[in-house]
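What's in model.pdb: PDB, C-alpha atoms
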```pdb
ATOM      1  CA  MET A   1     -61.267   2.079 102.825
ATOM      2  CA  GLN A   2     -59.959   3.066 106.224
ATOM      3  CA  ILE A   3     -57.837   6.230 106.204
ATOM      4  CA  VAL A   4     -54.746   5.435 108.213
ATOM      5  CA  GLY A   5     -53.257   7.685 110.839
ATOM      6  CA  HIS A   6     -49.671   8.876 110.647
ATOM      7  CA  GLY A   7     -47.366   5.886 110.903
ATOM      8  CA  ALA A   8     -50.020   3.165 110.951
ATOM      9  CA  SER A   9     -48.868  -0.437 110.993
ATOM     10  CA  MET A  10     -49.797  -2.798 108.167
ATOM     11  CA  ALA A  11     -52.240  -4.711 110.367
ATOM     12  CA  GLU A  12     -54.424  -1.618 110.855
ATOM     13  CA  ILE A  13     -55.155  -1.064 107.168
ATOM     14  CA  ASP A  14     -58.038  -2.536 105.200
ATOM     15  CA  TRP A  15     -56.380  -2.579 101.756
ATOM     16  CA  PRO A  16     -58.706  -1.720  98.863
ATOM     17  CA  ARG A  17     -59.129  -4.182  96.030
ATOM     18  CA  ARG A  18     -58.652  -2.268  92.784
ATOM     19  CA  PRO A  19     -58.445  -3.420  89.166
ATOM     20  CA  LEU A  20     -55.044  -3.000  87.536
ATOM     21  CA  SER A  21     -56.383  -1.261  84.424
ATOM     22  CA  ILE A  22     -56.087   2.519  84.188
ATOM     23  CA  ILE A  23     -59.373   4.322  84.886
ATOM     24  CA  HIS A  24     -59.800   7.642  83.111
ATOM     25  CA  VAL A  25     -61.142  10.335  85.436
ATOM     26  CA  PRO A  26     -61.446  14.102  85.007
ATOM     27  CA  PRO A  27     -58.236  16.096  85.658
ATOM     28  CA  MET A  28     -57.711  17.125  89.264
ATOM     29  CA  PRO A  29     -55.933  20.393  90.099
ATOM     30  CA  LEU A  30     -52.909  19.745  92.308
ATOM     31  CA  SER A  31     -51.504  22.713  94.177
ATOM     32  CA  ALA A  32     -48.900  21.074  96.471
ATOM     33  CA  PRO A  33     -46.457  18.177  96.591
ATOM     34  CA  ILE A  34     -47.960  14.815  97.541
ATOM     35  CA  VAL A  35     -46.990  13.433 100.947
ATOM     36  CA  PHE A  36     -47.663   9.826 101.963
ATOM     37  CA  GLU A  37     -48.221   8.124 105.325
ATOM     38  CA  PRO A  38     -45.244   5.897 106.259
ATOM     39  CA  ILE A  39     -45.732   2.217 107.064
ATOM     40  CA  PHE A  40     -43.503   0.995 109.903
ATOM     41  CA  MET A  41     -42.031  -2.516 109.972
ATOM     42  CA  GLU A  42     -40.765  -4.219 113.115
ATOM     43  CA  ARG A  43     -37.441  -6.007 112.578
ATOM     44  CA  VAL A  44     -35.186  -7.981 114.920
ATOM     45  CA  TRP A  45     -32.296  -5.689 113.954
ATOM     46  CA  GLY A  46     -34.267  -2.426 114.217
ATOM     47  CA  GLY A  47     -34.410   0.299 116.850
ATOM     48  CA  ARG A  48     -36.102   3.635 117.621
ATOM     49  CA  ARG A  49     -33.828   6.070 115.849
ATOM     50  CA  LEU A  50     -36.312   7.033 113.143
ATOM     51  CA  GLU A  51     -38.287   8.717 115.913
ATOM     52  CA  ALA A  52     -35.315  10.438 117.554
ATOM     53  CA  ALA A  53     -33.620  11.582 114.348
ATOM     54  CA  PHE A  54     -36.572  12.394 112.093
ATOM     55  CA  GLY A  55     -39.604  12.767 114.344
ATOM     56  CA  LYS A  56     -41.370   9.710 112.913
ATOM     57  CA  ARG A  57     -44.345   8.781 115.084
ATOM     58  CA  LEU A  58     -43.447   5.150 115.685
ATOM     59  CA  PRO A  59     -45.676   2.598 117.383
ATOM     60  CA  ILE A  60     -45.220   2.756 121.163
ATOM     61  CA  HIS A  61     -43.507  -0.616 121.370
ATOM     62  CA  GLY A  62     -41.225  -2.592 119.123
ATOM     63  CA  ARG A  63     -37.943  -2.403 117.267
ATOM     64  CA  ILE A  64     -38.749  -0.548 114.060
ATOM     65  CA  GLY A  65     -36.246  -1.366 111.360
ATOM     66  CA  GLU A  66     -37.996  -0.031 108.274
ATOM     67  CA  SER A  67     -40.251   2.848 107.340
ATOM     68  CA  TRP A  68     -41.805   2.148 103.944
ATOM     69  CA  GLU A  69     -42.248   5.706 102.739
ATOM     70  CA  ILE A  70     -43.590   5.203  99.202
ATOM     71  CA  VAL A  71     -44.873   1.783  98.130
ATOM     72  CA  ASP A  72     -47.451   0.239  95.797
ATOM     73  CA  ARG A  73     -47.766  -3.458  96.593
ATOM     74  CA  ALA A  74     -50.736  -5.743  97.161
ATOM     75  CA  GLU A  75     -49.687  -6.211 100.792
ATOM     76  CA  ALA A  76     -48.553  -2.633 101.463
ATOM     77  CA  GLN A  77     -50.029   0.614 100.159
ATOM     78  CA  SER A  78     -48.896   4.183 100.717
ATOM     79  CA  VAL A  79     -51.838   6.455 101.508
ATOM     80  CA  VAL A  80     -51.891  10.149 100.581
ATOM     81  CA  HIS A  81     -51.732  12.380 103.653
ATOM     82  CA  ASN A  82     -52.651  15.764 102.164
ATOM     83  CA  GLY A  83     -54.591  17.676  99.529
ATOM     84  CA  PRO A  84     -57.523  16.718  97.297
ATOM     85  CA  LEU A  85     -56.179  13.158  96.906
ATOM     86  CA  ARG A  86     -56.006  12.566 100.678
ATOM     87  CA  GLY A  87     -57.000   9.002 101.542
ATOM     88  CA  ASN A  88     -56.169   7.648  98.092
ATOM     89  CA  THR A  89     -53.533   4.941  97.826
ATOM     90  CA  LEU A  90     -50.483   5.149  95.599
ATOM     91  CA  HIS A  91     -52.126   2.452  93.491
ATOM     92  CA  ASP A  92     -55.166   4.720  93.078
ATOM     93  CA  LEU A  93     -52.860   7.451  91.809
ATOM     94  CA  TRP A  94     -51.152   5.023  89.446
ATOM     95  CA  THR A  95     -54.380   3.635  87.980
ATOM     96  CA  GLU A  96     -56.818   6.562  88.230
ATOM     97  CA  HIS A  97     -54.712   9.750  88.182
ATOM     98  CA  ARG A  98     -51.687   8.640  86.163
ATOM     99  CA  ILE A  99     -51.457  11.665  83.860
ATOM    100  CA  ASP A 100     -52.045  14.254  86.609
ATOM    101  CA  VAL A 101     -49.437  12.766  88.925
ATOM    102  CA  PHE A 102     -46.908  10.978  86.712
ATOM    103  CA  GLY A 103     -47.380  12.445  83.249
ATOM    104  CA  ASP A 104     -47.467  10.292  80.152
ATOM    105  CA  ARG A 105     -43.876   9.018  79.860
ATOM    106  CA  LEU A 106     -43.743   6.101  82.291
ATOM    107  CA  PRO A 107     -44.053   2.438  81.292
ATOM    108  CA  GLY A 108     -47.415   0.725  81.551
ATOM    109  CA  SER A 109     -46.537  -1.508  84.499
ATOM    110  CA  PRO A 110     -49.451  -2.668  86.696
ATOM    111  CA  ARG A 111     -47.941  -0.928  89.761
ATOM    112  CA  PHE A 112     -45.681   2.035  90.462
ATOM    113  CA  PRO A 113     -42.251   0.508  89.765
ATOM    114  CA  LEU A 114     -40.235   1.853  92.731
ATOM    115  CA  LEU A 115     -40.225   1.485  96.520
ATOM    116  CA  PHE A 116     -38.656   3.960  98.991
ATOM    117  CA  LYS A 117     -37.580   3.131 102.542
ATOM    118  CA  LEU A 118     -35.790   4.513 105.579
ATOM    119  CA  LEU A 119     -33.829   1.856 107.467
ATOM    120  CA  ASP A 120     -32.666   1.950 111.084
ATOM    121  CA  ALA A 121     -30.105  -0.839 111.430
ATOM    122  CA  GLN A 122     -29.433  -0.817 115.146
ATOM    123  CA  GLU A 123     -27.837  -4.226 114.654
ATOM    124  CA  ARG A 124     -26.190  -5.854 111.639
ATOM    125  CA  LEU A 125     -28.569  -7.224 108.998
ATOM    126  CA  SER A 126     -28.306 -10.709 107.564
ATOM    127  CA  VAL A 127     -26.025 -11.499 104.644
ATOM    128  CA  GLN A 128     -28.479 -11.673 101.772
ATOM    129  CA  VAL A 129     -29.026 -11.453  98.034
ATOM    130  CA  HIS A 130     -31.846 -10.529  95.662
ATOM    131  CA  PRO A 131     -32.392 -12.733  92.608
ATOM    132  CA  PRO A 132     -31.451 -11.456  89.137
ATOM    133  CA  ALA A 133     -34.199 -11.264  86.542
ATOM    134  CA  ASP A 134     -32.980 -14.354  84.700
ATOM    135  CA  VAL A 135     -33.417 -16.605  87.761
ATOM    136  CA  ALA A 136     -36.142 -14.858  89.788
ATOM    137  CA  GLY A 137     -39.035 -16.439  87.920
ATOM    138  CA  ALA A 138     -37.760 -19.975  88.422
ATOM    139  CA  LEU A 139     -37.450 -19.240  92.155
ATOM    140  CA  ASN A 140     -40.956 -17.699  92.347
ATOM    141  CA  GLY A 141     -39.361 -14.400  93.351
ATOM    142  CA  GLU A 142     -38.980 -10.873  92.040
ATOM    143  CA  PRO A 143     -35.718  -9.272  90.919
ATOM    144  CA  LYS A 144     -34.581  -6.330  92.999
ATOM    145  CA  THR A 145     -31.904  -3.765  92.296
ATOM    146  CA  GLU A 146     -31.441  -1.065  94.936
ATOM    147  CA  MET A 147     -29.186   1.679  96.228
ATOM    148  CA  TRP A 148     -28.306   2.800  99.750
ATOM    149  CA  TYR A 149     -27.546   6.343 100.829
ATOM    150  CA  ILE A 150     -26.016   6.593 104.309
ATOM    151  CA  MET A 151     -27.940   9.235 106.274
ATOM    152  CA  ASP A 152     -26.172   8.650 109.575
ATOM    153  CA  THR A 153     -24.061   6.184 111.546
ATOM    154  CA  TYR A 154     -23.681   5.565 115.263
ATOM    155  CA  GLY A 155     -19.896   5.591 115.009
ATOM    156  CA  ASP A 156     -17.599   3.657 112.704
ATOM    157  CA  GLY A 157     -20.194   2.423 110.240
ATOM    158  CA  ASP A 158     -19.720  -0.386 107.757
ATOM    159  CA  ILE A 159     -21.556  -2.312 105.077
ATOM    160  CA  PHE A 160     -20.832  -5.518 103.184
ATOM    161  CA  ALA A 161     -21.164  -5.775  99.399
ATOM    162  CA  GLY A 162     -19.831  -8.288  96.916
ATOM    163  CA  LEU A 163     -17.272 -11.018  97.533
ATOM    164  CA  ARG A 164     -13.689 -10.621  98.566
ATOM    165  CA  ALA A 165     -11.305 -10.935  95.641
ATOM    166  CA  GLY A 166     -10.691 -14.554  94.665
ATOM    167  CA  VAL A 167     -13.560 -16.133  96.635
ATOM    168  CA  THR A 168     -14.992 -18.995  94.593
ATOM    169  CA  ARG A 169     -18.376 -20.644  94.887
ATOM    170  CA  ASP A 170     -16.752 -23.672  96.523
ATOM    171  CA  ALA A 171     -14.971 -21.465  99.062
ATOM    172  CA  PHE A 172     -18.200 -19.619  99.788
ATOM    173  CA  GLU A 173     -20.086 -22.870 100.380
ATOM    174  CA  ARG A 174     -17.331 -24.065 102.714
ATOM    175  CA  SER A 175     -17.663 -20.804 104.660
ATOM    176  CA  LEU A 176     -21.398 -21.436 105.005
ATOM    177  CA  ARG A 177     -20.810 -24.849 106.539
ATOM    178  CA  ALA A 178     -18.154 -23.410 108.853
ATOM    179  CA  GLY A 179     -20.244 -20.390 109.892
ATOM    180  CA  SER A 180     -17.527 -17.999 108.655
ATOM    181  CA  VAL A 181     -19.294 -16.191 105.813
ATOM    182  CA  GLN A 182     -18.041 -12.829 107.083
ATOM    183  CA  GLN A 183     -14.555 -13.847 105.914
ATOM    184  CA  THR A 184     -15.730 -14.114 102.301
ATOM    185  CA  VAL A 185     -17.809 -10.929 101.960
ATOM    186  CA  HIS A 186     -16.252  -7.562 101.096
ATOM    187  CA  ARG A 187     -16.502  -5.012 103.932
ATOM    188  CA  LEU A 188     -16.569  -1.262 103.282
ATOM    189  CA  PRO A 189     -16.344   1.418 105.988
ATOM    190  CA  VAL A 190     -18.975   4.132 105.474
ATOM    191  CA  ARG A 191     -19.874   7.552 106.807
ATOM    192  CA  PRO A 192     -22.845   9.903 106.249
ATOM    193  CA  GLY A 193     -23.101  10.934 102.609
ATOM    194  CA  ASP A 194     -21.750   7.664 101.194
ATOM    195  CA  CYS A 195     -23.775   5.700  98.667
ATOM    196  CA  ILE A 196     -23.543   2.224  97.159
ATOM    197  CA  PHE A 197     -25.360   0.493  94.307
ATOM    198  CA  ILE A 198     -26.677  -3.036  94.946
ATOM    199  CA  PRO A 199     -27.701  -4.735  91.687
ATOM    200  CA  SER A 200     -29.574  -8.025  91.791
ATOM    201  CA  GLY A 201     -27.126 -10.840  92.411
ATOM    202  CA  ARG A 202     -24.762  -8.823  94.625
ATOM    203  CA  ILE A 203     -24.387 -10.369  98.069
ATOM    204  CA  HIS A 204     -24.703  -7.720 100.776
ATOM    205  CA  ALA A 205     -25.433  -6.790 104.383
ATOM    206  CA  ILE A 206     -25.930  -3.537 106.298
ATOM    207  CA  GLY A 207     -23.709  -3.067 109.327
ATOM    208  CA  GLY A 208     -25.094  -2.079 112.712
ATOM    209  CA  GLY A 209     -25.515   1.602 113.502
ATOM    210  CA  ASN A 210     -26.471   2.789 110.020
ATOM    211  CA  VAL A 211     -29.507   4.871 109.089
ATOM    212  CA  ILE A 212     -30.080   4.473 105.366
ATOM    213  CA  VAL A 213     -32.282   5.754 102.553
ATOM    214  CA  GLU A 214     -33.087   2.874 100.221
ATOM    215  CA  VAL A 215     -34.377   3.335  96.666
ATOM    216  CA  GLN A 216     -35.266   0.057  94.979
ATOM    217  CA  GLN A 217     -37.307  -1.758  92.409
ATOM    218  CA  ASN A 218     -40.804  -2.579  93.611
ATOM    219  CA  SER A 219     -39.929  -6.011  94.991
ATOM    220  CA  ASP A 220     -39.875  -7.730  98.371
ATOM    221  CA  THR A 221     -37.826 -10.824  97.549
ATOM    222  CA  THR A 222     -34.794 -11.302  99.787
ATOM    223  CA  TYR A 223     -32.848 -14.522 100.308
ATOM    224  CA  ARG A 224     -30.933 -14.768 103.590
ATOM    225  CA  VAL A 225     -27.783 -16.786 103.250
ATOM    226  CA  PHE A 226     -26.292 -16.140 106.721
ATOM    227  CA  ASP A 227     -27.616 -14.346 109.803
ATOM    228  CA  TRP A 228     -24.709 -14.251 112.242
ATOM    229  CA  ASN A 229     -26.354 -17.134 114.204
ATOM    230  CA  ARG A 230     -29.072 -14.762 115.412
ATOM    231  CA  VAL A 231     -32.614 -15.686 116.503
ATOM    232  CA  ALA A 232     -35.845 -13.993 115.415
ATOM    233  CA  LEU A 233     -38.171 -11.897 117.571
ATOM    234  CA  ASP A 234     -40.004 -15.076 118.614
ATOM    235  CA  GLY A 235     -36.751 -16.668 119.835
ATOM    236  CA  ARG A 236     -36.450 -19.154 116.987
ATOM    237  CA  ALA A 237     -33.607 -19.372 114.481
ATOM    238  CA  ARG A 238     -34.327 -17.119 111.509
ATOM    239  CA  GLN A 239     -35.168 -18.829 108.242
ATOM    240  CA  LEU A 240     -32.339 -19.043 105.709
ATOM    241  CA  HIS A 241     -32.627 -19.545 101.967
ATOM    242  CA  ILE A 242     -29.382 -21.333 101.109
ATOM    243  CA  ASP A 243     -30.412 -22.988  97.832
ATOM    244  CA  GLU A 244     -32.088 -19.852  96.472
ATOM    245  CA  SER A 245     -29.149 -17.709  97.517
ATOM    246  CA  LEU A 246     -26.569 -19.906  95.817
ATOM    247  CA  LYS A 247     -28.600 -19.746  92.601
ATOM    248  CA  SER A 248     -28.800 -15.940  92.854
ATOM    249  CA  VAL A 249     -25.314 -14.822  93.915
ATOM    250  CA  ASP A 250     -23.058 -13.379  91.222
ATOM    251  CA  PHE A 251     -19.812 -15.223  91.921
ATOM    252  CA  THR A 252     -17.876 -12.867  89.638
ATOM    253  CA  ASP A 253     -18.774  -9.772  91.681
ATOM    254  CA  PHE A 254     -15.634  -8.841  93.616
ATOM    255  CA  GLU A 255     -15.048  -5.903  95.968
ATOM    256  CA  PRO A 256     -17.308  -3.161  94.522
ATOM    257  CA  GLY A 257     -16.654   0.400  95.607
ATOM    258  CA  LEU A 258     -18.855   3.219  96.803
ATOM    259  CA  GLN A 259     -20.620   5.404  94.255
ATOM    260  CA  VAL A 260     -18.788   8.456  92.949
ATOM    261  CA  LEU A 261     -20.827  11.517  91.985
ATOM    262  CA  GLU A 262     -20.860  12.175  88.252
ATOM    263  CA  GLY A 263     -22.005  15.771  88.196
ATOM    264  CA  GLU A 264     -25.080  15.440  90.411
ATOM    265  CA  THR A 265     -25.855  11.805  89.571
ATOM    266  CA  LEU A 266     -25.315   9.110  92.202
ATOM    267  CA  VAL A 267     -26.943   6.165  90.400
ATOM    268  CA  HIS A 268     -28.272   5.817  86.875
ATOM    269  CA  CYS A 269     -29.547   2.337  86.015
ATOM    270  CA  PRO A 270     -32.449   1.030  83.900
ATOM    271  CA  TYR A 271     -34.820   1.173  86.893
ATOM    272  CA  PHE A 272     -34.123   4.539  88.542
ATOM    273  CA  ARG A 273     -31.955   7.598  88.453
ATOM    274  CA  VAL A 274     -30.945   9.199  91.761
ATOM    275  CA  GLU A 275     -29.303  12.612  91.928
ATOM    276  CA  LYS A 276     -27.987  14.564  94.902
ATOM    277  CA  TRP A 277     -28.797  18.261  94.785
ATOM    278  CA  ASP A 278     -27.205  20.842  97.045
ATOM    279  CA  LEU A 279     -29.578  23.801  97.197
ATOM    280  CA  THR A 280     -28.465  27.332  98.014
ATOM    281  CA  GLN A 281     -31.176  29.106  96.002
ATOM    282  CA  PRO A 282     -34.575  28.239  94.500
ATOM    283  CA  ARG A 283     -34.480  25.553  91.825
ATOM    284  CA  GLU A 284     -37.096  23.978  89.556
ATOM    285  CA  SER A 285     -37.903  20.467  90.769
ATOM    286  CA  SER A 286     -38.630  19.115  87.285
ATOM    287  CA  PRO A 287     -39.985  20.455  83.978
ATOM    288  CA  PRO A 288     -43.775  20.822  83.678
ATOM    289  CA  GLY A 289     -45.373  17.509  82.779
ATOM    290  CA  GLU A 290     -42.732  15.485  84.641
ATOM    291  CA  TRP A 291     -42.656  14.108  88.187
ATOM    292  CA  ALA A 292     -39.894  13.548  90.740
ATOM    293  CA  ILE A 293     -39.623  12.135  94.256
ATOM    294  CA  PHE A 294     -37.461  14.011  96.763
ATOM    295  CA  THR A 295     -35.858  12.909 100.019
ATOM    296  CA  LEU A 296     -34.627  15.602 102.419
ATOM    297  CA  LEU A 297     -31.098  14.922 103.641
ATOM    298  CA  THR A 298     -30.007  18.135 105.376
ATOM    299  CA  GLY A 299     -31.529  21.554 106.007
ATOM    300  CA  SER A 300     -35.124  22.452 105.171
ATOM    301  CA  VAL A 301     -36.947  23.065 101.901
ATOM    302  CA  LYS A 302     -40.248  24.688 101.007
ATOM    303  CA  SER A 303     -42.275  23.662  97.991
ATOM    304  CA  ALA A 304     -45.648  25.158  97.053
ATOM    305  CA  GLY A 305     -46.363  26.175 100.645
ATOM    306  CA  LEU A 306     -45.201  22.971 102.371
ATOM    307  CA  GLU A 307     -41.977  22.732 104.401
ATOM    308  CA  PHE A 308     -39.879  19.579 104.549
ATOM    309  CA  HIS A 309     -37.134  18.429 106.919
ATOM    310  CA  PRO A 310     -34.544  15.604 107.006
ATOM    311  CA  GLY A 311     -36.146  12.203 106.583
ATOM    312  CA  ASP A 312     -39.174  13.579 104.695
ATOM    313  CA  PHE A 313     -40.199  12.191 101.298
ATOM    314  CA  PHE A 314     -42.510  13.959  98.850
ATOM    315  CA  LEU A 315     -43.668  13.606  95.269
ATOM    316  CA  ILE A 316     -43.787  16.544  92.860
ATOM    317  CA  PRO A 317     -46.692  15.698  90.523
ATOM    318  CA  ALA A 318     -46.489  16.357  86.815
ATOM    319  CA  THR A 319     -49.275  18.960  86.882
ATOM    320  CA  LEU A 320     -48.084  21.009  89.870
ATOM    321  CA  GLU A 321     -47.850  24.674  88.836
ATOM    322  CA  ASP A 322     -45.405  25.961  91.474
ATOM    323  CA  ARG A 323     -42.398  23.742  90.765
ATOM    324  CA  LEU A 324     -39.687  25.564  92.733
ATOM    325  CA  LEU A 325     -37.788  24.161  95.696
ATOM    326  CA  HIS A 326     -36.741  26.887  98.149
ATOM    327  CA  PRO A 327     -34.023  26.224 100.744
ATOM    328  CA  VAL A 328     -35.048  27.605 104.132
ATOM    329  CA  ALA A 329     -32.622  29.488 106.397
ATOM    330  CA  GLY A 330     -29.480  28.195 104.723
ATOM    331  CA  PRO A 331     -28.310  25.460 102.354
ATOM    332  CA  ALA A 332     -30.183  22.170 102.016
ATOM    333  CA  SER A 333     -29.477  18.876 100.289
ATOM    334  CA  VAL A 334     -31.904  16.411  98.724
ATOM    335  CA  LEU A 335     -32.020  13.183  96.788
ATOM    336  CA  ARG A 336     -34.029  13.451  93.580
ATOM    337  CA  THR A 337     -35.340  10.197  92.105
ATOM    338  CA  THR A 338     -36.885   9.663  88.674
ATOM    339  CA  ILE A 339     -37.306   6.747  86.264
ATOM    340  CA  PRO A 340     -35.161   6.926  83.087
TER     341      PRO A 340
END
```
Final structure tokens representation of the file:
Amino acid sequence: MQIVGHGASMAEIDWPRRPLSIIHVPPMPLSAPIVFEPIFMERVWGGRRLEAAFGKRLPIHGRIGESWEIVDRAEAQSVVHNGPLRGNTLHDLWTEHRIDVFGDRLPGSPRFPLLFKLLDAQERLSVQVHPPADVAGALNGEPKTEMWYIMDTYGDGDIFAGLRAGVTRDAFERSLRAGSVQQTVHRLPVRPGDCIFIPSGRIHAIGGGNVIVEVQQNSDTTYRVFDWNRVALDGRARQLHIDESLKSVDFTDFEPGLQVLEGETLVHCPYFRVEKWDLTQPRESSPPGEWAIFTLLTGSVKSAGLEFHPGDFFLIPATLEDRLLHPVAGPASVLRTTIP
């Protein structure tokens, strides 16, 4: 296995072929949070803001739309950057160090069930949908429920989610033929700190100028229904998935709102729970024997000797002894993600 450098592209990595069964190995002492190497994805709608805002070491050229921060897929593997597990993939951790890293309470899925991204939408994304579980199999796809947390916007940010009230399937199909889909999709203005839940079946698009944290099921199935008549990086019209989209869209999903904090909880669904913590003093990351993934939003935080800044992601393993998060030089805010 080649150990990737910080911010390697997918093409540079010789992915290991590992069996899906759990391999029992001796316990490994873990004395710090686990940090992974990001994987950068070039997108027609992307930009360079992940470098300017968060210090990500992007490839020299290209419009980088996505940084896959934590992922366990056959075609994309997070690689550990630090500590005794350095060079291991997330799949190695899931299959060979499950108890040390994740404890004994997670389901026995063949891969780690979540995927974490940072998105730089310099331009508006396509109008798209992810298939619900009850139709994904028939379409040879994977269901995907996700949430977006708005880290920053260039100015007056917006997103699109759900249909406008009263839009029927027939009206939506007419808008497709007329190239006027934007008139049928619900638009929401957003600003930093806003959050929205995107269950499978909800039609959606990210507006230009947004920098977003995305927490999602481990899936990469997206059906584009409309792309604002844009061309791809190679100059050709981008592929659309009209039939699959029409089978996936929930045509009873009208004008959803932004998430409202319930205590510290932003989203609690069957696949993930995301909380927003505002830290003014040290706080335990999770009880011993449990794991959590943190995303730095504002300020700085120290954990077991490592310091983290906005845009950083790290995993607190179940066996870590020093479990406190310490805000550095003032308040800090984080997203905390677990699996119910």
Tell me, as a PyMOL selection string, which residues lie within 8 Å of Leu139 (chain A), counting all atoms listed in the file; anything in the same chain fewer than 3 positions away does not count.
chain A and resi 135-136+244
Tell me which residues the PyMOL selection byres ((chain A and resi 91-103) around 6) grabs here, as a list in words.
Ile22, Ile23, Asp72, Asn88, Thr89, Leu90, Asp104, Arg105, Gly289, Glu290, Trp291, Pro317, Ala318 and Thr319 of chain A
Grab the CA of Thr295 (chain A) to CA of Asp158 (chain A) distance for me, in Å with one decimal place.
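So the two atoms, CA of Thr295 (chain A) and CA of Asp158 (chain A), lie 22.3 Å apart.
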Check which residues satisfy the PyMOL selection byres ((chain A and resi 197-203) around 9) in the file shown, then give them as number ranges by chain.
A: 127-133, 143-148, 160-163, 185, 195-196, 204-205, 225, 245, 248-251, 253, 256-259, 266-267
Could you state the separation of CA of His186 (chain A) and CA of Ala165 (chain A) in Å, given to one decimal place?
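Value for the CA of His186 (chain A)-CA of Ala165 (chain A) distance: 8.1 Å.
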On this file, the PyMOL selection byres ((chain A and resi 333) around 9) gives some set of residues; write that set as number ranges by chain.
A: 276-280, 295-301, 327, 331-332, 334-335
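Excluding region 208-211 of chain A itself and same-chain residues fewer than 5 positions from it, the residues having an atom within 8 Å of it are Leu118, Leu119, Asp120, Ala121, Gln122, Glu123, Arg124, Leu125, Ile150, Met151, Asp152, Thr153, Tyr154, Gly155, Gly157 and Asp158 of chain A, counting all atoms listed in the file.
Minimum atom-to-atom distances from A:Tyr223, A:Gln216, A:Asp312, A:Gly235 to Cys269 (chain A) were compared using all atoms listed in the file, and the lowest value belongs to A:Gln216.
Across the structure, CA of Leu240 (chain A) and CA of Asn218 (chain A) are spaced 22.1 Å apart.
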Selected residue, from A:Ala178, A:Val44, A:Leu30, A:Val71, that lies nearest to Arg238 (chain A) when counting only C-alpha atoms
A:Val44
Using all atoms listed in the file, can you tell me which of A:Leu85, A:Val213, A:Val181, A:Ile339 comes closest to Pro270 (chain A)?
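Among the listed residues, the smallest separation from Pro270 (chain A) belongs to A:Ile339.
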Rank nothing, just name the residue among A:Leu115, A:Ala138, A:Leu106, A:Ala304 nearest to Arg73 (chain A), using all atoms listed in the file.
A:Leu115
Given the choices A:Asn82, A:Ser67, A:Gln77, A:Gln182, which gets closest to Leu315 (chain A) if the distance is worked out from all atoms listed in the file?
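Answer, going by the shortest atom-to-atom distance: A:Asn82.
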So that all listed atoms of region 247-260 of chain A fit with 3 Å spare on each side, what axis-aligned box centre and edge lengths in Å, to one decimal, would you give as AutoDock Vina command-line options?
```
--center_x -21.9 --center_y -5.6 --center_z 93.2 --size_x 19.8 --size_y 34.2 --size_z 13.2
```
Which residue gives the smallest distance to Asp170 (chain A) among A:Ala52, A:Leu246, A:Leu324, A:Val215, with all atoms listed in the file counted?
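So, comparing all the options, the nearest one is A:Leu246.
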